[in-house]
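K.L.:
For reference, the file data-v7.cif (mmCIF, C-alpha atoms) is included below:
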```
data_input
loop_
_atom_site.group_PDB
_atom_site.id
_atom_site.type_symbol
_atom_site.label_atom_id
_atom_site.label_comp_id
_atom_site.auth_asym_id
_atom_site.auth_seq_id
_atom_site.Cartn_x
_atom_site.Cartn_y
_atom_site.Cartn_z
ATOM 1 C CA MET O 1 -54.163 -6.917 82.886
ATOM 2 C CA GLU O 2 -57.853 -6.967 81.930
ATOM 3 C CA LEU O 3 -59.170 -9.526 79.460
ATOM 4 C CA ASN O 4 -61.489 -8.184 76.757
ATOM 5 C CA THR O 5 -64.184 -10.762 75.985
ATOM 6 C CA ALA O 6 -66.377 -8.543 73.779
ATOM 7 C CA MET O 7 -66.665 -9.492 70.122
ATOM 8 C CA SER O 8 -67.007 -7.076 67.247
ATOM 9 C CA ALA O 9 -69.976 -7.286 64.878
ATOM 10 C CA SER O 10 -67.855 -8.909 62.168
ATOM 11 C CA GLU O 11 -66.492 -11.485 64.632
ATOM 12 C CA LYS O 12 -70.039 -12.310 65.761
ATOM 13 C CA ALA O 13 -71.106 -12.714 62.124
ATOM 14 C CA GLN O 14 -68.144 -15.035 61.443
ATOM 15 C CA VAL O 15 -68.933 -17.184 64.475
ATOM 16 C CA GLU O 16 -72.634 -17.344 63.594
ATOM 17 C CA ASN O 17 -71.787 -18.307 60.009
ATOM 18 C CA ALA O 18 -69.385 -21.021 61.205
ATOM 19 C CA VAL O 19 -71.983 -22.413 63.636
ATOM 20 C CA ASN O 20 -74.720 -22.428 60.977
ATOM 21 C CA THR O 21 -72.416 -24.167 58.475
ATOM 22 C CA PHE O 22 -71.413 -26.780 61.065
ATOM 23 C CA ASN O 23 -75.028 -27.406 62.090
ATOM 24 C CA ALA O 24 -76.161 -27.717 58.477
ATOM 25 C CA LYS O 25 -73.449 -30.299 57.724
ATOM 26 C CA ASN O 26 -74.100 -32.162 60.978
ATOM 27 C CA ASN O 27 -77.870 -32.242 60.444
ATOM 28 C CA ALA O 28 -77.431 -33.460 56.864
ATOM 29 C CA VAL O 29 -75.224 -36.336 58.064
ATOM 30 C CA ILE O 30 -77.561 -37.528 60.819
ATOM 31 C CA GLY O 31 -80.815 -36.536 59.094
ATOM 32 C CA ARG O 32 -81.983 -34.212 61.856
ATOM 33 C CA GLN O 33 -84.261 -31.220 61.312
ATOM 34 C CA THR O 34 -83.550 -27.871 62.946
ATOM 35 C CA SER O 35 -86.082 -26.538 65.406
ATOM 36 C CA GLN O 36 -86.858 -23.005 66.511
ATOM 37 C CA SER O 37 -88.056 -24.084 69.951
ATOM 38 C CA LEU O 38 -86.245 -25.516 72.947
ATOM 39 C CA GLY O 39 -87.377 -28.595 74.831
ATOM 40 C CA LYS O 40 -86.583 -29.739 78.328
ATOM 41 C CA ASP O 41 -83.528 -31.700 77.108
ATOM 42 C CA ASP O 42 -82.156 -28.584 75.403
ATOM 43 C CA PHE O 43 -82.722 -26.551 78.564
ATOM 44 C CA LEU O 44 -80.843 -29.103 80.667
ATOM 45 C CA LYS O 45 -77.952 -29.220 78.164
ATOM 46 C CA LEU O 46 -77.692 -25.433 78.253
ATOM 47 C CA LEU O 47 -77.691 -25.426 82.049
ATOM 48 C CA ILE O 48 -74.969 -28.096 82.215
ATOM 49 C CA THR O 49 -72.881 -26.255 79.620
ATOM 50 C CA GLN O 50 -73.282 -23.004 81.547
ATOM 51 C CA LEU O 51 -72.147 -24.636 84.789
ATOM 52 C CA SER O 52 -69.253 -26.427 83.091
ATOM 53 C CA ASN O 53 -67.931 -23.268 81.446
ATOM 54 C CA GLN O 54 -68.529 -20.690 84.139
ATOM 55 C CA ASP O 55 -65.766 -18.378 85.239
ATOM 56 C CA PRO O 56 -64.270 -19.868 88.441
ATOM 57 C CA THR O 57 -63.548 -16.377 89.763
ATOM 58 C CA ASN O 58 -67.188 -15.337 89.247
ATOM 59 C CA PRO O 59 -69.432 -18.431 89.605
ATOM 60 C CA VAL O 60 -73.182 -18.411 89.129
ATOM 61 C CA GLU O 61 -74.883 -17.229 92.283
ATOM 62 C CA ASP O 62 -77.060 -19.666 94.229
ATOM 63 C CA THR O 63 -80.190 -17.627 93.521
ATOM 64 C CA GLN O 64 -79.583 -17.761 89.758
ATOM 65 C CA PHE O 65 -78.987 -21.497 89.881
ATOM 66 C CA ILE O 66 -82.145 -22.079 91.949
ATOM 67 C CA ALA O 67 -84.186 -19.904 89.563
ATOM 68 C CA GLN O 68 -82.896 -21.871 86.561
ATOM 69 C CA MET O 69 -83.703 -25.192 88.218
ATOM 70 C CA ALA O 70 -87.203 -23.925 89.046
ATOM 71 C CA GLN O 71 -87.665 -22.949 85.394
ATOM 72 C CA PHE O 72 -86.513 -26.398 84.330
ATOM 73 C CA SER O 73 -88.919 -28.059 86.758
ATOM 74 C CA SER O 74 -91.800 -25.895 85.535
ATOM 75 C CA LEU O 75 -90.969 -26.690 81.914
ATOM 76 C CA GLU O 76 -90.919 -30.410 82.631
ATOM 77 C CA GLN O 77 -94.248 -30.289 84.473
ATOM 78 C CA MET O 78 -95.882 -28.322 81.632
ATOM 79 C CA ALA O 79 -94.643 -30.888 79.113
ATOM 80 C CA ASN O 80 -96.068 -33.708 81.270
ATOM 81 C CA MET O 81 -99.398 -31.896 81.592
ATOM 82 C CA ASN O 82 -99.531 -31.385 77.824
ATOM 83 C CA GLN O 83 -99.047 -35.131 77.255
ATOM 84 C CA GLN O 84 -101.810 -35.938 79.743
ATOM 85 C CA PHE O 85 -104.201 -33.415 78.164
ATOM 86 C CA THR O 86 -103.557 -34.990 74.755
ATOM 87 C CA LYS O 87 -104.412 -38.427 76.154
ATOM 88 C CA MET O 88 -107.516 -37.082 77.867
ATOM 89 C CA THR O 89 -108.676 -35.375 74.655
ATOM 90 C CA ALA O 90 -108.289 -38.645 72.742
ATOM 91 C CA MET O 91 -110.320 -40.509 75.396
ATOM 92 C CA LEU O 92 -113.113 -37.916 75.376
ATOM 93 C CA ASN O 93 -113.271 -37.872 71.572
ATOM 94 C CA SER O 94 -113.359 -41.676 71.459
ATOM 95 C CA SER O 95 -116.110 -41.701 74.094
ATOM 96 C CA GLU O 96 -118.147 -39.247 72.045
ATOM 97 C CA ALA O 97 -117.751 -41.457 68.967
ATOM 98 C CA MET O 98 -118.827 -44.548 70.944
ATOM 99 C CA SER O 99 -121.967 -42.755 72.080
ATOM 100 C CA VAL O 100 -123.292 -42.641 68.490
ATOM 101 C CA LEU O 101 -122.526 -46.304 67.710
ATOM 102 C CA GLY O 102 -125.696 -47.987 66.420
ATOM 103 C CA LYS O 103 -127.575 -44.687 66.119
ATOM 104 C CA THR O 104 -128.826 -43.019 62.966
ATOM 105 C CA VAL O 105 -126.891 -39.878 62.026
ATOM 106 C CA GLU O 106 -127.213 -37.175 59.421
ATOM 107 C CA LEU O 107 -123.877 -36.163 57.875
ATOM 108 C CA ASN O 108 -122.635 -33.254 55.779
ATOM 109 C CA VAL O 109 -120.941 -34.758 52.725
ATOM 110 C CA GLY O 110 -119.755 -31.909 50.527
ATOM 111 C CA ASP O 111 -122.819 -30.040 49.261
ATOM 112 C CA THR O 112 -125.231 -32.833 50.225
ATOM 113 C CA THR O 113 -126.280 -34.658 53.334
ATOM 114 C CA THR O 114 -126.535 -38.389 53.883
ATOM 115 C CA THR O 115 -128.228 -40.412 56.568
ATOM 116 C CA GLY O 116 -127.286 -43.806 57.922
ATOM 117 C CA VAL O 117 -126.636 -45.975 60.962
ATOM 118 C CA VAL O 118 -123.209 -45.759 62.577
ATOM 119 C CA GLU O 119 -121.763 -49.237 61.975
ATOM 120 C CA GLY O 120 -118.348 -48.727 63.559
ATOM 121 C CA ILE O 121 -115.884 -46.208 64.928
ATOM 122 C CA THR O 122 -112.157 -45.602 65.127
ATOM 123 C CA ARG O 123 -110.531 -44.459 68.364
ATOM 124 C CA GLY O 124 -107.963 -41.769 69.018
ATOM 125 C CA GLU O 125 -107.631 -38.009 69.053
ATOM 126 C CA ASN O 126 -109.623 -37.662 65.799
ATOM 127 C CA PRO O 127 -112.044 -40.600 65.751
ATOM 128 C CA GLN O 128 -114.097 -41.423 62.699
ATOM 129 C CA ILE O 129 -117.474 -43.100 62.297
ATOM 130 C CA LYS O 130 -118.402 -45.693 59.686
ATOM 131 C CA VAL O 131 -121.712 -44.984 57.972
ATOM 132 C CA ASN O 132 -122.949 -46.804 54.841
ATOM 133 C CA GLY O 133 -119.545 -48.479 54.467
ATOM 134 C CA ALA O 134 -117.487 -45.234 54.500
ATOM 135 C CA PHE O 135 -115.593 -43.480 57.299
ATOM 136 C CA TYR O 136 -116.355 -39.841 58.160
ATOM 137 C CA ASP O 137 -114.930 -37.341 60.654
ATOM 138 C CA MET O 138 -117.117 -36.642 63.681
ATOM 139 C CA GLU O 139 -117.346 -32.959 62.646
ATOM 140 C CA ARG O 140 -119.527 -33.974 59.694
ATOM 141 C CA ILE O 141 -122.406 -35.015 61.974
ATOM 142 C CA ASN O 142 -125.402 -32.653 61.723
ATOM 143 C CA ALA O 143 -127.843 -34.639 63.840
ATOM 144 C CA VAL O 144 -128.057 -37.850 65.840
ATOM 145 C CA TYR O 145 -131.350 -39.761 66.032
ATOM 146 C CA GLY O 146 -132.387 -42.331 68.645
ATOM 147 C CA GLU O 147 -131.939 -46.059 68.222
#
```
Rewrite the structure of this file - the entire thing - as structure tokens.

P.N.:
Amino acid sequence: MELNTAMSASEKAQVENAVNTFNAKNNAVIGRQTSQSLGKDDFLKLLITQLSNQDPTNPVEDTQFIAQMAQFSSLEQMANMNQQFTKMTAMLNSSEAMSVLGKTVELNVGDTTTTGVVEGITRGENPQIKVNGAFYDMERINAVYGE
């Protein structure tokens, strides 16, 4: 006797509707937002679920398992690199802001320009400079003049 595991279009629609309803209720209870992208934790959960529910008479081949683990490893390394690049960008931007500290700058402020000495800076990915008592984004700098 052969087991038919194919679902009809209406059965697929019913299952998808039930899953979406469940997820909507679950997310409302725990206050979670749905996401259209998968992270490394989601990938690992899918892999574990796949291994837990595989057909014992037709298990996943070693090559498939190794390929999936390699994908997981690559995903994790890319996520780590992204975090490091974000930190490096913040350091470089902060360093650029520090280089204008105490110097006279010309800034675009709307339709006009203003000139003043950089009195202070903020650090981070998008540092700001303090000129004439107000903070401005670094992108507003037109020119930097010597001390």

K.L.:
Name the residues that the PyMOL selection byres ((chain O and resi 123) around 12) pulls out of this structure, and write them as a list in words.

P.N.:
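Applying the expression gives Lys87, Thr89, Ala90, Met91, Leu92, Asn93, Ser94, Ser95, Glu96, Ala97, Met98, Gly120, Ile121, Thr122, Gly124, Glu125, Asn126, Pro127, Gln128, Ile129, Lys130, Asp137 and Met138 of chain O.
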
K.L.:
Counting all atoms listed in the file, what is within 12 Å of Met69 (chain O), bar same-chain residues fewer than 5 positions away, as a list in words?

P.N.:
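Final neighbour list, sorted by chain and number: Lys40, Phe43, Leu44, Leu46, Leu47, Ile48, Asp62, Thr63, Gln64, Ser74, Leu75 and Glu76 of chain O.
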
K.L.:
Carefully work through the PyMOL selection byres ((chain O and resi 142) around 8) for this structure and note down the residues it includes, as a VMD selection string.

P.N.:
chain O and resid 105 to 108 140 to 141 143 to 144

K.L.:
In Å, rounded to a single decimal, give me how far CA of Asn23 (chain O) is from CA of Phe65 (chain O).

P.N.:
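Between CA of Phe65 (chain O) and CA of Asn23 (chain O) the gap is 28.7 Å.
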
K.L.:
At what distance in Å, to one decimal, does CA of Ala24 (chain O) lie from CA of Gln54 (chain O)?

P.N.:
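CA of Ala24 (chain O) lies 27.7 Å from CA of Gln54 (chain O).
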
K.L.:
Some atoms are missing, so please complete region 107-123 of chain O with N, CA, C and O atoms and return it as a PDB file, in the frame of the given file.

P.N.:
```pdb
ATOM      1  N   LEU O 107    -125.237 -36.665  58.102  1.00  0.00           N
ATOM      2  CA  LEU O 107    -123.877 -36.163  57.875  1.00  0.00           C
ATOM      3  C   LEU O 107    -123.835 -35.146  56.747  1.00  0.00           C
ATOM      4  O   LEU O 107    -124.558 -35.286  55.750  1.00  0.00           O
ATOM      5  N   ASN O 108    -122.974 -34.159  56.880  1.00  0.00           N
ATOM      6  CA  ASN O 108    -122.635 -33.254  55.779  1.00  0.00           C
ATOM      7  C   ASN O 108    -121.595 -33.946  54.919  1.00  0.00           C
ATOM      8  O   ASN O 108    -120.519 -34.284  55.398  1.00  0.00           O
ATOM      9  N   VAL O 109    -121.901 -34.151  53.648  1.00  0.00           N
ATOM     10  CA  VAL O 109    -120.941 -34.758  52.725  1.00  0.00           C
ATOM     11  C   VAL O 109    -120.840 -33.815  51.535  1.00  0.00           C
ATOM     12  O   VAL O 109    -121.635 -33.890  50.594  1.00  0.00           O
ATOM     13  N   GLY O 110    -119.885 -32.905  51.592  1.00  0.00           N
ATOM     14  CA  GLY O 110    -119.755 -31.909  50.527  1.00  0.00           C
ATOM     15  C   GLY O 110    -120.961 -30.990  50.537  1.00  0.00           C
ATOM     16  O   GLY O 110    -121.301 -30.395  51.547  1.00  0.00           O
ATOM     17  N   ASP O 111    -121.642 -30.902  49.381  1.00  0.00           N
ATOM     18  CA  ASP O 111    -122.819 -30.040  49.261  1.00  0.00           C
ATOM     19  C   ASP O 111    -124.116 -30.767  49.614  1.00  0.00           C
ATOM     20  O   ASP O 111    -125.180 -30.173  49.562  1.00  0.00           O
ATOM     21  N   THR O 112    -124.027 -32.055  49.930  1.00  0.00           N
ATOM     22  CA  THR O 112    -125.231 -32.833  50.225  1.00  0.00           C
ATOM     23  C   THR O 112    -125.168 -33.378  51.642  1.00  0.00           C
ATOM     24  O   THR O 112    -124.156 -33.262  52.331  1.00  0.00           O
ATOM     25  N   THR O 113    -126.264 -33.968  52.043  1.00  0.00           N
ATOM     26  CA  THR O 113    -126.280 -34.658  53.334  1.00  0.00           C
ATOM     27  C   THR O 113    -126.641 -36.117  53.074  1.00  0.00           C
ATOM     28  O   THR O 113    -127.284 -36.445  52.078  1.00  0.00           O
ATOM     29  N   THR O 114    -126.198 -36.971  53.958  1.00  0.00           N
ATOM     30  CA  THR O 114    -126.535 -38.389  53.883  1.00  0.00           C
ATOM     31  C   THR O 114    -126.924 -38.855  55.273  1.00  0.00           C
ATOM     32  O   THR O 114    -126.503 -38.282  56.275  1.00  0.00           O
ATOM     33  N   THR O 115    -127.754 -39.867  55.301  1.00  0.00           N
ATOM     34  CA  THR O 115    -128.228 -40.412  56.568  1.00  0.00           C
ATOM     35  C   THR O 115    -127.923 -41.897  56.600  1.00  0.00           C
ATOM     36  O   THR O 115    -128.000 -42.574  55.574  1.00  0.00           O
ATOM     37  N   GLY O 116    -127.554 -42.389  57.776  1.00  0.00           N
ATOM     38  CA  GLY O 116    -127.286 -43.806  57.922  1.00  0.00           C
ATOM     39  C   GLY O 116    -127.004 -44.164  59.364  1.00  0.00           C
ATOM     40  O   GLY O 116    -126.860 -43.298  60.226  1.00  0.00           O
ATOM     41  N   VAL O 117    -126.913 -45.458  59.620  1.00  0.00           N
ATOM     42  CA  VAL O 117    -126.636 -45.975  60.962  1.00  0.00           C
ATOM     43  C   VAL O 117    -125.117 -46.082  61.131  1.00  0.00           C
ATOM     44  O   VAL O 117    -124.411 -46.541  60.228  1.00  0.00           O
ATOM     45  N   VAL O 118    -124.636 -45.666  62.278  1.00  0.00           N
ATOM     46  CA  VAL O 118    -123.209 -45.759  62.577  1.00  0.00           C
ATOM     47  C   VAL O 118    -122.890 -47.232  62.829  1.00  0.00           C
ATOM     48  O   VAL O 118    -123.349 -47.826  63.802  1.00  0.00           O
ATOM     49  N   GLU O 119    -122.085 -47.811  61.923  1.00  0.00           N
ATOM     50  CA  GLU O 119    -121.763 -49.237  61.975  1.00  0.00           C
ATOM     51  C   GLU O 119    -120.495 -49.523  62.767  1.00  0.00           C
ATOM     52  O   GLU O 119    -120.296 -50.630  63.251  1.00  0.00           O
ATOM     53  N   GLY O 120    -119.616 -48.537  62.854  1.00  0.00           N
ATOM     54  CA  GLY O 120    -118.348 -48.727  63.559  1.00  0.00           C
ATOM     55  C   GLY O 120    -117.677 -47.393  63.812  1.00  0.00           C
ATOM     56  O   GLY O 120    -118.104 -46.354  63.297  1.00  0.00           O
ATOM     57  N   ILE O 121    -116.636 -47.430  64.617  1.00  0.00           N
ATOM     58  CA  ILE O 121    -115.884 -46.208  64.928  1.00  0.00           C
ATOM     59  C   ILE O 121    -114.396 -46.532  64.978  1.00  0.00           C
ATOM     60  O   ILE O 121    -113.998 -47.683  65.125  1.00  0.00           O
ATOM     61  N   THR O 122    -113.586 -45.485  64.846  1.00  0.00           N
ATOM     62  CA  THR O 122    -112.157 -45.602  65.127  1.00  0.00           C
ATOM     63  C   THR O 122    -111.898 -44.789  66.386  1.00  0.00           C
ATOM     64  O   THR O 122    -112.618 -43.836  66.681  1.00  0.00           O
ATOM     65  N   ARG O 123    -110.871 -45.157  67.122  1.00  0.00           N
ATOM     66  CA  ARG O 123    -110.531 -44.459  68.364  1.00  0.00           C
ATOM     67  C   ARG O 123    -109.392 -43.498  68.111  1.00  0.00           C
ATOM     68  O   ARG O 123    -108.766 -43.517  67.078  1.00  0.00           O
TER      69      ARG O 123
END
```
